[in-house]
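Shown next: model-v1.cif, containing mmCIF, C-alpha atoms, pLDDT in the B column; chains and numbers go by the auth columns.
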data_protein
#
loop_
_atom_site.group_PDB
_atom_site.id
_atom_site.type_symbol
_atom_site.label_atom_id
_atom_site.label_comp_id
_atom_site.label_asym_id
_atom_site.label_seq_id
_atom_site.Cartn_x
_atom_site.Cartn_y
_atom_site.Cartn_z
_atom_site.B_iso_or_equiv
_atom_site.auth_seq_id
_atom_site.auth_asym_id
ATOM 1 C CA MET A 1 -0.066 -35.250 156.815 78.00 1 K
ATOM 2 C CA LEU A 2 2.478 -34.615 154.118 91.00 2 K
ATOM 3 C CA THR A 3 1.906 -35.249 150.452 92.00 3 K
ATOM 4 C CA THR A 4 4.227 -34.988 147.470 95.00 4 K
ATOM 5 C CA ASP A 5 2.099 -32.183 145.987 95.00 5 K
ATOM 6 C CA PHE A 6 4.659 -29.674 147.224 96.00 6 K
ATOM 7 C CA VAL A 7 3.771 -26.003 147.584 96.00 7 K
ATOM 8 C CA THR A 8 5.705 -23.069 149.020 97.00 8 K
ATOM 9 C CA GLY A 9 6.675 -23.794 152.610 98.00 9 K
ATOM 10 C CA SER A 10 6.011 -27.521 152.583 97.00 10 K
ATOM 11 C CA PRO A 11 8.741 -30.004 153.528 98.00 11 K
ATOM 12 C CA ASN A 12 9.895 -31.304 150.164 98.00 12 K
ATOM 13 C CA TRP A 13 13.246 -32.911 150.992 98.00 13 K
ATOM 14 C CA LEU A 14 14.977 -34.581 153.902 97.00 14 K
ATOM 15 C CA ASP A 15 18.508 -35.799 154.344 98.00 15 K
ATOM 16 C CA LEU A 16 20.834 -37.256 156.923 98.00 16 K
ATOM 17 C CA GLY A 17 24.313 -35.948 157.604 97.00 17 K
ATOM 18 C CA SER A 18 26.366 -38.902 158.842 97.00 18 K
ATOM 19 C CA PRO A 19 29.963 -39.510 159.934 96.00 19 K
ATOM 20 C CA ASP A 20 29.711 -43.018 158.430 96.00 20 K
ATOM 21 C CA THR A 21 27.348 -43.230 155.488 96.00 21 K
ATOM 22 C CA ALA A 22 27.856 -46.956 154.994 96.00 22 K
ATOM 23 C CA ALA A 23 26.881 -47.662 158.606 97.00 23 K
ATOM 24 C CA SER A 24 23.878 -45.334 158.323 98.00 24 K
ATOM 25 C CA ALA A 25 22.743 -47.057 155.144 98.00 25 K
ATOM 26 C CA ALA A 26 22.944 -50.422 156.888 98.00 26 K
ATOM 27 C CA PHE A 27 20.983 -49.176 159.919 98.00 27 K
ATOM 28 C CA TYR A 28 18.120 -47.593 158.008 98.00 28 K
ATOM 29 C CA GLY A 29 18.066 -50.481 155.579 98.00 29 K
ATOM 30 C CA ALA A 30 17.508 -52.849 158.492 98.00 30 K
ATOM 31 C CA VAL A 31 14.986 -50.631 160.317 98.00 31 K
ATOM 32 C CA PHE A 32 12.951 -49.204 157.426 98.00 32 K
ATOM 33 C CA GLY A 33 13.831 -51.499 154.541 98.00 33 K
ATOM 34 C CA TRP A 34 15.413 -48.655 152.578 98.00 34 K
ATOM 35 C CA ASP A 35 17.924 -49.164 149.776 98.00 35 K
ATOM 36 C CA LEU A 36 20.673 -46.644 149.029 97.00 36 K
ATOM 37 C CA GLN A 37 21.384 -45.438 145.505 96.00 37 K
ATOM 38 C CA SER A 38 24.462 -43.309 144.819 93.00 38 K
ATOM 39 C CA ALA A 39 23.858 -39.877 143.316 88.00 39 K
ATOM 40 C CA GLY A 40 26.941 -40.396 141.137 85.00 40 K
ATOM 41 C CA PRO A 41 30.717 -39.866 141.195 86.00 41 K
ATOM 42 C CA ASP A 42 30.407 -36.064 141.280 84.00 42 K
ATOM 43 C CA ALA A 43 28.000 -35.973 144.234 85.00 43 K
ATOM 44 C CA GLY A 44 30.601 -36.063 147.018 88.00 44 K
ATOM 45 C CA GLY A 45 29.370 -39.302 148.532 92.00 45 K
ATOM 46 C CA TYR A 46 25.717 -38.244 148.520 96.00 46 K
ATOM 47 C CA GLY A 47 23.041 -40.831 147.850 96.00 47 K
ATOM 48 C CA PHE A 48 19.303 -41.449 147.890 97.00 48 K
ATOM 49 C CA PHE A 49 17.418 -43.660 150.302 98.00 49 K
ATOM 50 C CA GLN A 50 14.718 -45.451 148.316 98.00 50 K
ATOM 51 C CA LYS A 51 11.678 -47.541 149.190 97.00 51 K
ATOM 52 C CA ASP A 52 10.088 -49.575 146.414 96.00 52 K
ATOM 53 C CA GLY A 53 12.157 -47.640 143.898 96.00 53 K
ATOM 54 C CA ARG A 54 11.046 -44.185 145.087 98.00 54 K
ATOM 55 C CA THR A 55 13.284 -41.683 146.857 98.00 55 K
ATOM 56 C CA VAL A 56 12.268 -41.093 150.482 98.00 56 K
ATOM 57 C CA ALA A 57 15.346 -39.233 151.821 98.00 57 K
ATOM 58 C CA GLY A 58 18.954 -38.348 151.129 98.00 58 K
ATOM 59 C CA LEU A 59 22.195 -39.377 152.835 98.00 59 K
ATOM 60 C CA GLY A 60 25.539 -37.671 152.788 96.00 60 K
ATOM 61 C CA PRO A 61 28.727 -37.160 154.799 95.00 61 K
ATOM 62 C CA LEU A 62 28.986 -34.334 157.312 92.00 62 K
ATOM 63 C CA THR A 63 30.354 -31.307 155.479 83.00 63 K
ATOM 64 C CA GLU A 64 29.933 -28.337 157.840 80.00 64 K
ATOM 65 C CA GLU A 65 32.678 -27.725 160.401 80.00 65 K
ATOM 66 C CA GLY A 66 31.552 -28.854 163.854 82.00 66 K
ATOM 67 C CA ALA A 67 28.350 -30.423 162.517 86.00 67 K
ATOM 68 C CA SER A 68 26.698 -33.203 164.495 93.00 68 K
ATOM 69 C CA PRO A 69 24.935 -36.185 162.908 96.00 69 K
ATOM 70 C CA ALA A 70 21.382 -35.049 162.212 97.00 70 K
ATOM 71 C CA TRP A 71 18.412 -35.174 159.909 98.00 71 K
ATOM 72 C CA THR A 72 17.729 -31.912 158.067 98.00 72 K
ATOM 73 C CA VAL A 73 14.293 -30.889 156.821 98.00 73 K
ATOM 74 C CA TYR A 74 14.137 -28.845 153.610 98.00 74 K
ATOM 75 C CA PHE A 75 11.250 -26.515 152.791 98.00 75 K
ATOM 76 C CA ARG A 76 10.151 -25.628 149.283 98.00 76 K
ATOM 77 C CA THR A 77 10.768 -22.108 148.060 98.00 77 K
ATOM 78 C CA PRO A 78 10.264 -20.596 144.604 98.00 78 K
ATOM 79 C CA ASP A 79 13.310 -18.341 145.123 98.00 79 K
ATOM 80 C CA ALA A 80 16.107 -19.499 147.427 98.00 80 K
ATOM 81 C CA ASP A 81 18.066 -16.259 147.129 98.00 81 K
ATOM 82 C CA ALA A 82 15.105 -14.071 148.102 98.00 82 K
ATOM 83 C CA ALA A 83 14.237 -16.419 150.963 98.00 83 K
ATOM 84 C CA VAL A 84 17.787 -16.250 152.316 98.00 84 K
ATOM 85 C CA LYS A 85 17.647 -12.451 152.348 98.00 85 K
ATOM 86 C CA ALA A 86 14.368 -12.655 154.270 98.00 86 K
ATOM 87 C CA VAL A 87 15.950 -15.036 156.782 98.00 87 K
ATOM 88 C CA GLU A 88 18.826 -12.623 157.388 97.00 88 K
ATOM 89 C CA GLN A 89 16.443 -9.709 157.827 97.00 89 K
ATOM 90 C CA SER A 90 14.399 -11.717 160.351 96.00 90 K
ATOM 91 C CA GLY A 91 17.338 -12.625 162.579 97.00 91 K
ATOM 92 C CA GLY A 92 18.187 -16.041 161.155 97.00 92 K
ATOM 93 C CA ARG A 93 21.644 -17.219 160.136 97.00 93 K
ATOM 94 C CA VAL A 94 22.906 -18.362 156.764 97.00 94 K
ATOM 95 C CA ARG A 95 25.169 -21.375 157.277 95.00 95 K
ATOM 96 C CA VAL A 96 25.557 -22.188 153.577 96.00 96 K
ATOM 97 C CA ALA A 97 24.661 -19.583 150.949 97.00 97 K
ATOM 98 C CA PRO A 98 22.415 -20.575 148.023 98.00 98 K
ATOM 99 C CA PHE A 99 24.048 -22.770 145.401 97.00 99 K
ATOM 100 C CA ASP A 100 22.963 -24.949 142.488 96.00 100 K
ATOM 101 C CA VAL A 101 22.973 -28.720 142.921 94.00 101 K
ATOM 102 C CA MET A 102 23.814 -29.593 139.324 91.00 102 K
ATOM 103 C CA ASP A 103 20.492 -29.495 137.449 93.00 103 K
ATOM 104 C CA ALA A 104 18.466 -30.802 140.409 94.00 104 K
ATOM 105 C CA GLY A 105 17.675 -27.504 142.099 97.00 105 K
ATOM 106 C CA ARG A 106 19.032 -24.718 144.276 98.00 106 K
ATOM 107 C CA MET A 107 19.502 -24.996 148.031 98.00 107 K
ATOM 108 C CA ALA A 108 20.708 -23.142 151.118 98.00 108 K
ATOM 109 C CA CYS A 109 21.369 -24.176 154.729 97.00 109 K
ATOM 110 C CA LEU A 110 20.040 -21.916 157.468 98.00 110 K
ATOM 111 C CA SER A 111 19.309 -21.576 161.163 97.00 111 K
ATOM 112 C CA ASP A 112 16.259 -19.827 162.566 97.00 112 K
ATOM 113 C CA PRO A 113 16.719 -17.149 165.280 96.00 113 K
ATOM 114 C CA SER A 114 16.522 -19.788 168.029 93.00 114 K
ATOM 115 C CA GLY A 115 19.251 -21.904 166.405 94.00 115 K
ATOM 116 C CA ALA A 116 17.131 -24.657 164.846 96.00 116 K
ATOM 117 C CA GLU A 117 18.728 -25.772 161.588 97.00 117 K
ATOM 118 C CA PHE A 118 16.770 -26.198 158.361 98.00 118 K
ATOM 119 C CA SER A 119 17.346 -25.928 154.639 98.00 119 K
ATOM 120 C CA LEU A 120 15.630 -24.560 151.551 98.00 120 K
ATOM 121 C CA TRP A 121 15.016 -26.370 148.281 98.00 121 K
ATOM 122 C CA GLN A 122 14.163 -24.516 145.088 98.00 122 K
ATOM 123 C CA PRO A 123 13.249 -27.349 142.734 98.00 123 K
ATOM 124 C CA ALA A 124 14.413 -27.746 139.166 97.00 124 K
ATOM 125 C CA ALA A 125 14.816 -31.283 137.810 96.00 125 K
ATOM 126 C CA VAL A 126 14.221 -32.763 141.270 96.00 126 K
ATOM 127 C CA LYS A 127 10.886 -31.608 142.688 97.00 127 K
ATOM 128 C CA GLY A 128 11.333 -33.350 146.030 98.00 128 K
ATOM 129 C CA LEU A 129 10.700 -36.634 147.781 98.00 129 K
ATOM 130 C CA GLU A 130 8.869 -39.244 145.733 98.00 130 K
ATOM 131 C CA ALA A 131 6.901 -40.781 148.603 98.00 131 K
ATOM 132 C CA ALA A 132 5.508 -39.375 151.848 97.00 132 K
ATOM 133 C CA SER A 133 2.983 -40.343 154.539 97.00 133 K
ATOM 134 C CA GLU A 134 3.270 -44.006 153.612 96.00 134 K
ATOM 135 C CA SER A 135 4.755 -46.746 155.763 97.00 135 K
ATOM 136 C CA ASN A 136 8.413 -45.962 156.576 98.00 136 K
ATOM 137 C CA THR A 137 8.398 -42.548 154.893 98.00 137 K
ATOM 138 C CA LEU A 138 8.341 -38.970 156.178 98.00 138 K
ATOM 139 C CA CYS A 139 4.908 -37.951 157.400 97.00 139 K
ATOM 140 C CA TRP A 140 5.434 -35.030 159.826 97.00 140 K
ATOM 141 C CA ALA A 141 8.045 -32.448 160.829 98.00 141 K
ATOM 142 C CA GLU A 142 8.129 -31.057 164.354 97.00 142 K
ATOM 143 C CA LEU A 143 10.043 -28.095 165.743 97.00 143 K
ATOM 144 C CA HIS A 144 11.023 -28.117 169.402 95.00 144 K
ATOM 145 C CA THR A 145 11.866 -24.595 170.506 95.00 145 K
ATOM 146 C CA ALA A 146 11.946 -22.512 173.683 91.00 146 K
ATOM 147 C CA ASP A 147 9.669 -19.859 172.178 92.00 147 K
ATOM 148 C CA PRO A 148 7.030 -21.335 169.844 92.00 148 K
ATOM 149 C CA THR A 149 5.354 -17.948 169.368 93.00 149 K
ATOM 150 C CA ALA A 150 8.532 -16.279 168.117 95.00 150 K
ATOM 151 C CA ALA A 151 9.361 -19.314 165.989 96.00 151 K
ATOM 152 C CA PHE A 152 5.988 -19.268 164.284 97.00 152 K
ATOM 153 C CA SER A 153 6.297 -15.550 163.592 97.00 153 K
ATOM 154 C CA PHE A 154 9.645 -16.170 161.859 98.00 154 K
ATOM 155 C CA TYR A 155 8.415 -19.010 159.657 98.00 155 K
ATOM 156 C CA ARG A 156 5.100 -17.321 158.905 98.00 156 K
ATOM 157 C CA SER A 157 6.951 -14.284 157.544 97.00 157 K
ATOM 158 C CA LEU A 158 9.162 -16.588 155.479 97.00 158 K
ATOM 159 C CA PHE A 159 6.621 -19.086 154.133 98.00 159 K
ATOM 160 C CA GLY A 160 3.163 -17.729 154.993 98.00 160 K
ATOM 161 C CA TRP A 161 2.414 -20.688 157.261 98.00 161 K
ATOM 162 C CA ARG A 162 -0.885 -20.921 159.136 98.00 162 K
ATOM 163 C CA SER A 163 -1.336 -22.339 162.620 97.00 163 K
ATOM 164 C CA GLN A 164 -3.975 -24.004 164.758 95.00 164 K
ATOM 165 C CA GLU A 165 -3.695 -24.618 168.493 93.00 165 K
ATOM 166 C CA MET A 166 -4.572 -27.950 170.050 89.00 166 K
ATOM 167 C CA GLU A 167 -3.701 -30.082 173.065 81.00 167 K
ATOM 168 C CA ALA A 168 -1.671 -33.260 172.638 77.00 168 K
ATOM 169 C CA GLY A 169 -0.632 -35.457 175.508 70.00 169 K
ATOM 170 C CA GLY A 170 -1.579 -32.782 178.016 74.00 170 K
ATOM 171 C CA MET A 171 0.542 -30.030 176.483 79.00 171 K
ATOM 172 C CA ALA A 172 -0.084 -27.150 174.114 85.00 172 K
ATOM 173 C CA TYR A 173 0.681 -27.956 170.506 92.00 173 K
ATOM 174 C CA THR A 174 0.687 -25.751 167.397 95.00 174 K
ATOM 175 C CA VAL A 175 -0.221 -27.496 164.149 96.00 175 K
ATOM 176 C CA LEU A 176 1.446 -25.962 161.099 98.00 176 K
ATOM 177 C CA SER A 177 -0.077 -25.698 157.629 97.00 177 K
ATOM 178 C CA THR A 178 1.107 -24.209 154.366 98.00 178 K
ATOM 179 C CA ALA A 179 -0.494 -21.028 153.079 97.00 179 K
ATOM 180 C CA GLU A 180 -2.313 -22.850 150.278 91.00 180 K
ATOM 181 C CA GLY A 181 -5.305 -25.182 150.430 90.00 181 K
ATOM 182 C CA ASP A 182 -7.649 -26.344 153.164 94.00 182 K
ATOM 183 C CA GLN A 183 -5.862 -25.685 156.451 95.00 183 K
ATOM 184 C CA GLN A 184 -6.356 -29.158 157.899 93.00 184 K
ATOM 185 C CA ASP A 185 -5.464 -30.931 154.662 94.00 185 K
ATOM 186 C CA ALA A 186 -2.387 -28.698 154.291 95.00 186 K
ATOM 187 C CA SER A 187 -1.010 -29.486 157.755 96.00 187 K
ATOM 188 C CA PHE A 188 2.486 -30.963 157.703 97.00 188 K
ATOM 189 C CA GLY A 189 4.030 -30.440 161.122 97.00 189 K
ATOM 190 C CA GLY A 190 3.961 -28.849 164.524 96.00 190 K
ATOM 191 C CA LEU A 191 5.565 -26.553 167.067 96.00 191 K
ATOM 192 C CA VAL A 192 6.054 -27.515 170.679 93.00 192 K
ATOM 193 C CA ALA A 193 7.763 -25.833 173.610 92.00 193 K
ATOM 194 C CA ALA A 194 11.096 -27.533 174.292 87.00 194 K
ATOM 195 C CA ASP A 195 12.172 -28.622 177.741 79.00 195 K
ATOM 196 C CA GLU A 196 15.010 -26.652 179.291 71.00 196 K
ATOM 197 C CA ASP A 197 17.397 -29.543 178.674 74.00 197 K
ATOM 198 C CA SER A 198 16.216 -30.158 175.109 79.00 198 K
ATOM 199 C CA GLU A 199 17.976 -28.942 171.995 86.00 199 K
ATOM 200 C CA THR A 200 16.161 -26.561 169.670 93.00 200 K
ATOM 201 C CA ARG A 201 15.704 -28.583 166.491 96.00 201 K
ATOM 202 C CA TRP A 202 13.459 -29.975 163.801 98.00 202 K
ATOM 203 C CA ILE A 203 12.596 -33.662 164.203 98.00 203 K
ATOM 204 C CA PRO A 204 11.332 -35.785 161.295 98.00 204 K
ATOM 205 C CA TYR A 205 8.557 -38.308 161.963 98.00 205 K
ATOM 206 C CA PHE A 206 8.341 -41.448 159.851 98.00 206 K
ATOM 207 C CA ALA A 207 5.051 -43.336 159.512 97.00 207 K
ATOM 208 C CA ALA A 208 5.173 -46.838 160.990 97.00 208 K
ATOM 209 C CA ASP A 209 2.823 -49.784 160.738 97.00 209 K
ATOM 210 C CA ASP A 210 4.163 -51.093 164.056 98.00 210 K
ATOM 211 C CA VAL A 211 5.994 -48.586 166.263 98.00 211 K
ATOM 212 C CA ASP A 212 7.129 -51.196 168.778 98.00 212 K
ATOM 213 C CA ALA A 213 8.643 -53.367 166.050 98.00 213 K
ATOM 214 C CA ILE A 214 10.579 -50.362 164.733 98.00 214 K
ATOM 215 C CA VAL A 215 11.838 -49.578 168.242 98.00 215 K
ATOM 216 C CA ASN A 216 13.025 -53.152 168.685 98.00 216 K
ATOM 217 C CA SER A 217 14.706 -53.205 165.293 98.00 217 K
ATOM 218 C CA ALA A 218 16.451 -49.893 165.972 98.00 218 K
ATOM 219 C CA GLN A 219 17.857 -51.218 169.240 98.00 219 K
ATOM 220 C CA GLU A 220 18.940 -54.504 167.666 98.00 220 K
ATOM 221 C CA ASN A 221 20.862 -52.563 165.024 98.00 221 K
ATOM 222 C CA GLY A 222 22.739 -50.224 167.359 98.00 222 K
ATOM 223 C CA GLY A 223 20.235 -47.403 167.790 98.00 223 K
ATOM 224 C CA SER A 224 18.907 -46.056 171.074 98.00 224 K
ATOM 225 C CA VAL A 225 15.528 -45.082 172.506 98.00 225 K
ATOM 226 C CA LEU A 226 15.102 -41.412 173.422 96.00 226 K
ATOM 227 C CA MET A 227 11.405 -41.724 174.286 96.00 227 K
ATOM 228 C CA PRO A 228 9.767 -45.147 174.656 97.00 228 K
ATOM 229 C CA ALA A 229 6.732 -45.997 172.559 98.00 229 K
ATOM 230 C CA ALA A 230 3.590 -44.416 173.995 96.00 230 K
ATOM 231 C CA ASP A 231 0.027 -43.735 172.906 94.00 231 K
ATOM 232 C CA VAL A 232 -0.969 -40.082 172.588 91.00 232 K
ATOM 233 C CA PRO A 233 -4.764 -39.672 172.581 88.00 233 K
ATOM 234 C CA ASP A 234 -6.200 -38.561 169.229 84.00 234 K
ATOM 235 C CA VAL A 235 -2.682 -38.515 167.729 91.00 235 K
ATOM 236 C CA GLY A 236 -1.276 -42.040 167.590 94.00 236 K
ATOM 237 C CA ARG A 237 1.511 -44.207 168.967 97.00 237 K
ATOM 238 C CA ILE A 238 4.884 -42.437 169.013 97.00 238 K
ATOM 239 C CA ALA A 239 8.498 -43.181 169.873 98.00 239 K
ATOM 240 C CA TRP A 240 11.681 -41.119 169.643 97.00 240 K
ATOM 241 C CA LEU A 241 14.868 -42.868 168.580 98.00 241 K
ATOM 242 C CA ALA A 242 18.478 -42.111 167.698 98.00 242 K
ATOM 243 C CA ASP A 243 20.497 -43.954 165.092 98.00 243 K
ATOM 244 C CA PRO A 244 23.949 -45.365 165.969 98.00 244 K
ATOM 245 C CA SER A 245 25.629 -42.024 165.160 97.00 245 K
ATOM 246 C CA GLY A 246 23.236 -40.174 167.478 97.00 246 K
ATOM 247 C CA ALA A 247 20.942 -38.536 164.924 98.00 247 K
ATOM 248 C CA PRO A 248 17.438 -38.280 166.447 97.00 248 K
ATOM 249 C CA PHE A 249 14.213 -39.127 164.639 98.00 249 K
ATOM 250 C CA ALA A 250 10.697 -40.197 165.552 98.00 250 K
ATOM 251 C CA VAL A 251 8.218 -42.809 164.375 98.00 251 K
ATOM 252 C CA ILE A 252 4.459 -42.651 164.585 98.00 252 K
ATOM 253 C CA LYS A 253 1.497 -44.834 163.806 96.00 253 K
ATOM 254 C CA PRO A 254 -1.016 -42.048 163.271 90.00 254 K
ATOM 255 C CA ASN A 255 -4.593 -42.256 164.446 86.00 255 K
ATOM 256 C CA PRO A 256 -6.126 -42.554 161.927 73.00 256 K
ATOM 257 C CA PRO A 257 -3.232 -44.303 160.148 62.00 257 K
ATOM 258 C CA ALA A 258 -1.389 -42.707 157.262 59.00 258 K
ATOM 259 C CA ALA A 259 -2.277 -44.038 153.824 52.00 259 K
#
Translate the structure described by the file into structure tokens.
Amino acid sequence: MLTTDFVTGSPNWLDLGSPDTAASAAFYGAVFGWDLQSAGPDAGGYGFFQKDGRTVAGLGPLTEEGASPAWTVYFRTPDADAAVKAVEQSGGRVRVAPFDVMDAGRMACLSDPSGAEFSLWQPAAVKGLEAASESNTLCWAELHTADPTAAFSFYRSLFGWRSQEMEAGGMAYTVLSTAEGDQQDASFGGLVAADEDSETRWIPYFAADDVDAIVNSAQENGGSVLMPAADVPDVGRIAWLADPSGAPFAVIKPNPPAA
């Protein structure tokens, strides 16, 4: 599972692009108990979701033309500009070129060759999320793609990721790890073959003490269920949800539970 000891290639930031940030803040506040703190008058409406005073995600208005409401996973890089060049050379697309976010860090918005959107974060004053793999915080990032082999090759060349094959719920699953550290301890996400009707995308998983309670709360606050709560042997209890604007996310009570 994720930690906040970020290394190259690890998810170190997460934010939600929303058509109605006030409504999104109310939804996630009700479902996860998050508070929203503004990033300031010069931040273009951007803010920080916090849990117990620690930042667990970001929230901002949709800024890209034609963008749909969605969560975006950011991966740590020591050099955003060099990483963007590597993405272009590997068949990816640069949606937003690297730029400085005040003194916080440097970022870029990209799409991999299959169209899955992700971003890069080169930390400066802001190293990344302040809590992970705790109740109601990010604990896993999963890529659904038509060609997991090609996807892994792309990200391995970019970040040096390692992989390990396993079976989960009767289907092949690729566990992803950063290049540094013990491979199992450094795992942070997975690759899975997408159904024909499924969109190629990264999905964030949030750790939950009670998946069914989260599902109920999401529905009561205007969200919808994309995949009902179910137990996956040796993995945990999982559900897929969408917030009222349609942004998908997942919740999991891991087996064994996250810290």
If the PyMOL selection byres ((chain K and resi 155) around 12) were run on this exact file, what residues would it hold? Put them as a ChimeraX atom specification.
/K:8-10,75,83,86-87,90-92,111-114,116,118,143,148-154,156-163,176-179,190-191
Interatomic distance (Å, one decimal) between CA of Gly169 in chain K and CA of Asp231 in chain K
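Taking CA of Gly169 in chain K as the start and CA of Asp231 in chain K as the end point, the length is 8.7 Å.
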Could you give me, as a PyMOL selection string, the residues that have an atom at most 12 Å away from the point (22.8, -24.8, 140.4) in the coordinates of the file, using only C-alpha atoms?
chain K and resi 80-81+97-108+121-126
Residues of range 84-192 of chain K at most 8 Å from range 206-230 of chain K: nearest atom pair and distance in Å, only C-alpha atoms, as CSV:
residue,atom,partner,partner_atom,distance
K:Ser133,CA,K:Ala207,CA,6.2
K:Glu134,CA,K:Ala207,CA,6.2
K:Ser135,CA,K:Ala207,CA,5.1
K:Asn136,CA,K:Ala207,CA,5.2
K:Thr137,CA,K:Phe206,CA,5.1
K:Leu138,CA,K:Phe206,CA,4.4
K:Cys139,CA,K:Phe206,CA,5.5
K:Trp140,CA,K:Phe206,CA,7.0
Atom pair CA of Gly246 in chain K / CA of Pro69 in chain K: separation (Å)
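For CA of Gly246 in chain K relative to CA of Pro69 in chain K, the distance reads 6.3 Å.
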Around (9.3, -31.4, 163.0) in the file's own coordinates, what residues are found within 10 Å if you use only C-alpha atoms, given back as a count of residues only?
22
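Candidate residues K:Ala172, K:Ala23, K:Ala132, K:Leu14 were compared for distance to Leu120 in chain K, and the nearest is K:Leu14, using all atoms listed in the file.
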One-decimal distance in Å that lies between CA of Gly60 in chain K and CA of Thr21 in chain K:
6.4 Å
If you count all atoms listed in the file, the residue of K:Trp13, K:Phe49, K:Trp71, K:Phe6 closest to Ser245 in chain K turns out to be K:Trp71
Residues matched by the PyMOL selection byres ((chain K and resi 254) around 8), written as a list of chain:residue names
K:Ala207, K:Val235, K:Gly236, K:Arg237, K:Ile252, K:Lys253, K:Asn255, K:Pro256, K:Pro257, K:Ala258
How would you write, as a ChimeraX atom specification, the residues chosen by the PyMOL selection byres ((chain K and resi 168) around 10) on this structure?
/K:165-167,169-174,192,232-235
Rank K:Asp20, K:Asp5, K:Asp15, K:Glu199 by their smallest atom-to-atom distance to Gly181 in chain K, using all atoms listed in the file, and report the top residue only.
K:Asp5
Calculated over all atoms listed in the file, which of the candidates K:Ile238, K:Arg95, K:Gly40, K:Gly47 has the smallest distance to Glu65 in chain K?
K:Arg95
Would it be fine to have range 15-20 of chain K, with all heavy atoms, given as an mmCIF file, in the first residue's frame?
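Printed below is selection.cif as written:
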data_model
loop_
_atom_site.group_PDB
_atom_site.id
_atom_site.type_symbol
_atom_site.label_atom_id
_atom_site.label_comp_id
_atom_site.auth_asym_id
_atom_site.auth_seq_id
_atom_site.Cartn_x
_atom_site.Cartn_y
_atom_site.Cartn_z
ATOM 1 N N ASP K 15 -6.000 14.798 -7.257
ATOM 2 C CA ASP K 15 -7.010 15.844 -7.157
ATOM 3 C C ASP K 15 -8.220 15.559 -8.034
ATOM 4 O O ASP K 15 -8.180 14.722 -8.938
ATOM 5 C CB ASP K 15 -6.434 17.244 -7.403
ATOM 6 C CG ASP K 15 -5.859 17.469 -8.784
ATOM 7 O OD1 ASP K 15 -6.182 16.709 -9.715
ATOM 8 O OD2 ASP K 15 -5.070 18.430 -8.934
ATOM 9 N N LEU K 16 -9.284 16.255 -7.707
ATOM 10 C CA LEU K 16 -10.563 16.095 -8.379
ATOM 11 C C LEU K 16 -10.875 17.337 -9.189
ATOM 12 O O LEU K 16 -10.866 18.449 -8.662
ATOM 13 C CB LEU K 16 -11.676 15.869 -7.348
ATOM 14 C CG LEU K 16 -13.111 15.831 -7.881
ATOM 15 C CD1 LEU K 16 -13.327 14.607 -8.773
ATOM 16 C CD2 LEU K 16 -14.113 15.822 -6.716
ATOM 17 N N GLY K 17 -11.138 17.149 -10.478
ATOM 18 C CA GLY K 17 -11.640 18.221 -11.311
ATOM 19 C C GLY K 17 -13.154 18.164 -11.310
ATOM 20 O O GLY K 17 -13.748 17.146 -11.669
ATOM 21 N N SER K 18 -13.803 19.250 -10.877
ATOM 22 C CA SER K 18 -15.247 19.238 -10.656
ATOM 23 C C SER K 18 -15.925 20.422 -11.323
ATOM 24 O O SER K 18 -15.385 21.532 -11.319
ATOM 25 C CB SER K 18 -15.535 19.272 -9.149
ATOM 26 O OG SER K 18 -16.904 19.504 -8.900
ATOM 27 N N PRO K 19 -17.139 20.220 -11.859
ATOM 28 C CA PRO K 19 -17.892 21.343 -12.408
ATOM 29 C C PRO K 19 -18.553 22.191 -11.319
ATOM 30 O O PRO K 19 -19.035 23.285 -11.592
ATOM 31 C CB PRO K 19 -18.951 20.660 -13.277
ATOM 32 C CG PRO K 19 -19.175 19.339 -12.613
ATOM 33 C CD PRO K 19 -17.835 18.938 -12.068
ATOM 34 N N ASP K 20 -18.566 21.688 -10.083
ATOM 35 C CA ASP K 20 -19.184 22.388 -8.962
ATOM 36 C C ASP K 20 -18.405 22.035 -7.705
ATOM 37 O O ASP K 20 -18.718 21.068 -7.012
ATOM 38 C CB ASP K 20 -20.650 21.982 -8.831
ATOM 39 C CG ASP K 20 -21.411 22.793 -7.775
ATOM 40 O OD1 ASP K 20 -20.762 23.339 -6.868
ATOM 41 O OD2 ASP K 20 -22.652 22.845 -7.850
#
